[in-house]
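**Q** Pasting in a structure now, in structure tokens, and then I'll have a few things to ask.
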Amino acid sequence: MDLSFGPEELAFQQEVRDFLEEALTDDIKIPTSKTTTVFVEKDIALKWQAKLNEKGWLAYFWPEEYGGPGWNSVQRYIFNQECARAGAPGIIPMGIRYVGPVIFTFGTQAQKDYFLPKILSGEHYWCQGYSEPGAGSDLAGLKCKAERVGDEYIVNGTKIWTTHAHHADWIFCLVRTDNTGRKQQGISFILIDMNTPGIKIDPIITMGLDHEVNQVFFDDVRVPAENLVGEENKGWDYAKFLLEFERGGGYSGGLKAGIAKLKAMASQQVKDLKPLIEDETFAAEVAKLEIAGLASEMTEMQIQSQLSAGDPPGPESSVMNAVGTTINQRLSELAMEALDYYALPFKPIDLDLGSNEWYPGPDYAPPITGTYLNRRAASIFGGSDEIQRDIIAKLVLRL
Ligand SMILES: Cc1cc2nc3c(=O)[nH]c(=O)nc-3n(C[C@H](O)[C@H](O)[C@H](O)COP(=O)(O)OP(=O)(O)OC[C@H]3O[C@@H](n4cnc5c(N)ncnc54)[C@H](O)[C@@H]3O)c2cc1C
């Protein structure tokens, strides 16, 4: 099998590199390199997304009619790899990757016309209201209730672990609209303006001292019935469709960039009077990561080609999620090991460009411990590792 690029693909790769060279300015790149959380802060993300949107590259897997660039799977792959290699921030997925495809696949024409352009422009910043206390892995057990009264739904209940709810203009929610029958059957998918009276957001500060997640409370929140996506009580189908997009994200570019950074760091760190990267045990661990990274890259290519054919990612996205998050966590562990005692004095990083705050250790030290702490959650969010492995066993391996 020949996986090398042809002339057209090489020209496209150069086009992406040229764009990144110009558009990825220090005010975006430097805070991104210091970020320890999964997503960069909203202001950085929106600055970057505006540049991508202007170029027409932001929603690169959306159909052209809704603003996608019409790329094939190889172009998407090249774009992902080049962005990660250059240190670009990841695209915040809640709008572009999650709710966007649900709206253009299942939404009304009015919903498409209203929401899709605002997702692209960044005017609407989204968060995801799936999980509840007691309904995470067992998502179908959710209780947040939406009662139809006239041409409105009245929503009561709570959502938890809601990433960036404190930044969001809109939340897409799974709500219970019927309690009879199988629990999957009475769920609906609705879009709620975060400025609606009755919504309260409590921050949850994680062990990495990050404010990334929240608990959101709904107390008699009135939502226009036209904000229901698709049919009432059919939300479970749309929820599963979205989860395939959530779990099939482009991991391999980031993993490769992370492994390259780890190797560069281990070349500077010293163990037994020689560079750490020459230590056999450490080098073997890095090699294992590289092999796993290559294997996950193959799965990612398969998913990209399914997307190009107009199909959803399928259960293979659970392979990406399980393997990608495992490698990511291992990467952060090896970085801690490489940094040695400089990993101990943890303090959160000031992301301001002009900051002259002092951090102990070499210049690559500051984000390492925060990233390690943050990545402990990687095998939980987007569906825990055990749940992904169950899906792989049932739907991929047919066990
Ligand atoms: C940092 C972070 C960000 C998140 N962001 C969002 C967000 O933006 N929006 C959102 O809706 N949710 C979000 N989540 C929630 C996330 O999807 C859930 O935490 C996840 O699905 C697990 O659910 P739970 O926390 O209720 O754990 P539980 O479901 O209670 O699971 C606890 C443990 O039991 C295991 N377990 C449970 N059931 C089984 C089973 N059947 N077989 C084997 N093992 C099982 C799990 O693997 C896990 O180890 C986020 C979570 C985190 C940590």
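Simple scheme: letters A, B, ... for chains in structure tokens order, numbers from 1 for residues in each chain, numbers from 1 for ligands in the order shown.
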Using only C-alpha atoms, determine which residues lie at most 12 Å from Ser73 (chain A), disregarding the query and same-chain residues fewer than 2 positions distant; provide the list as a PyMOL selection string.
**A** chain A and resi 9+60-61+69-71+75-80+250+300-310
**Q** Please extract the residues at most 9 Å from ligand 1, counting only C-alpha atoms and all ligand atoms, and provide them as number ranges by chain, using the chain letters and residue numbers of this document.
**A** A: 37-38, 94, 127-139, 159-165, 173-174, 206, 212-214, 374-390
**Q** Check the DSSP output for the backbone and give back, as a PyMOL selection string, the residues of region 187-354 of chain A in strand (DSSP E).
**A** chain A and resi 187-193+199-205+211-224+228-229+270-271+274-275
**Q** I'd like the neighbourhood of Ala365 (chain A) as a VMD selection string, where a residue qualifies if any of its atoms comes within 9 Å (using only C-alpha atoms), though same-chain residues fewer than 3 positions away should be ignored.
**A** chain A and resid 339 342 to 343 359 to 362 368 to 369
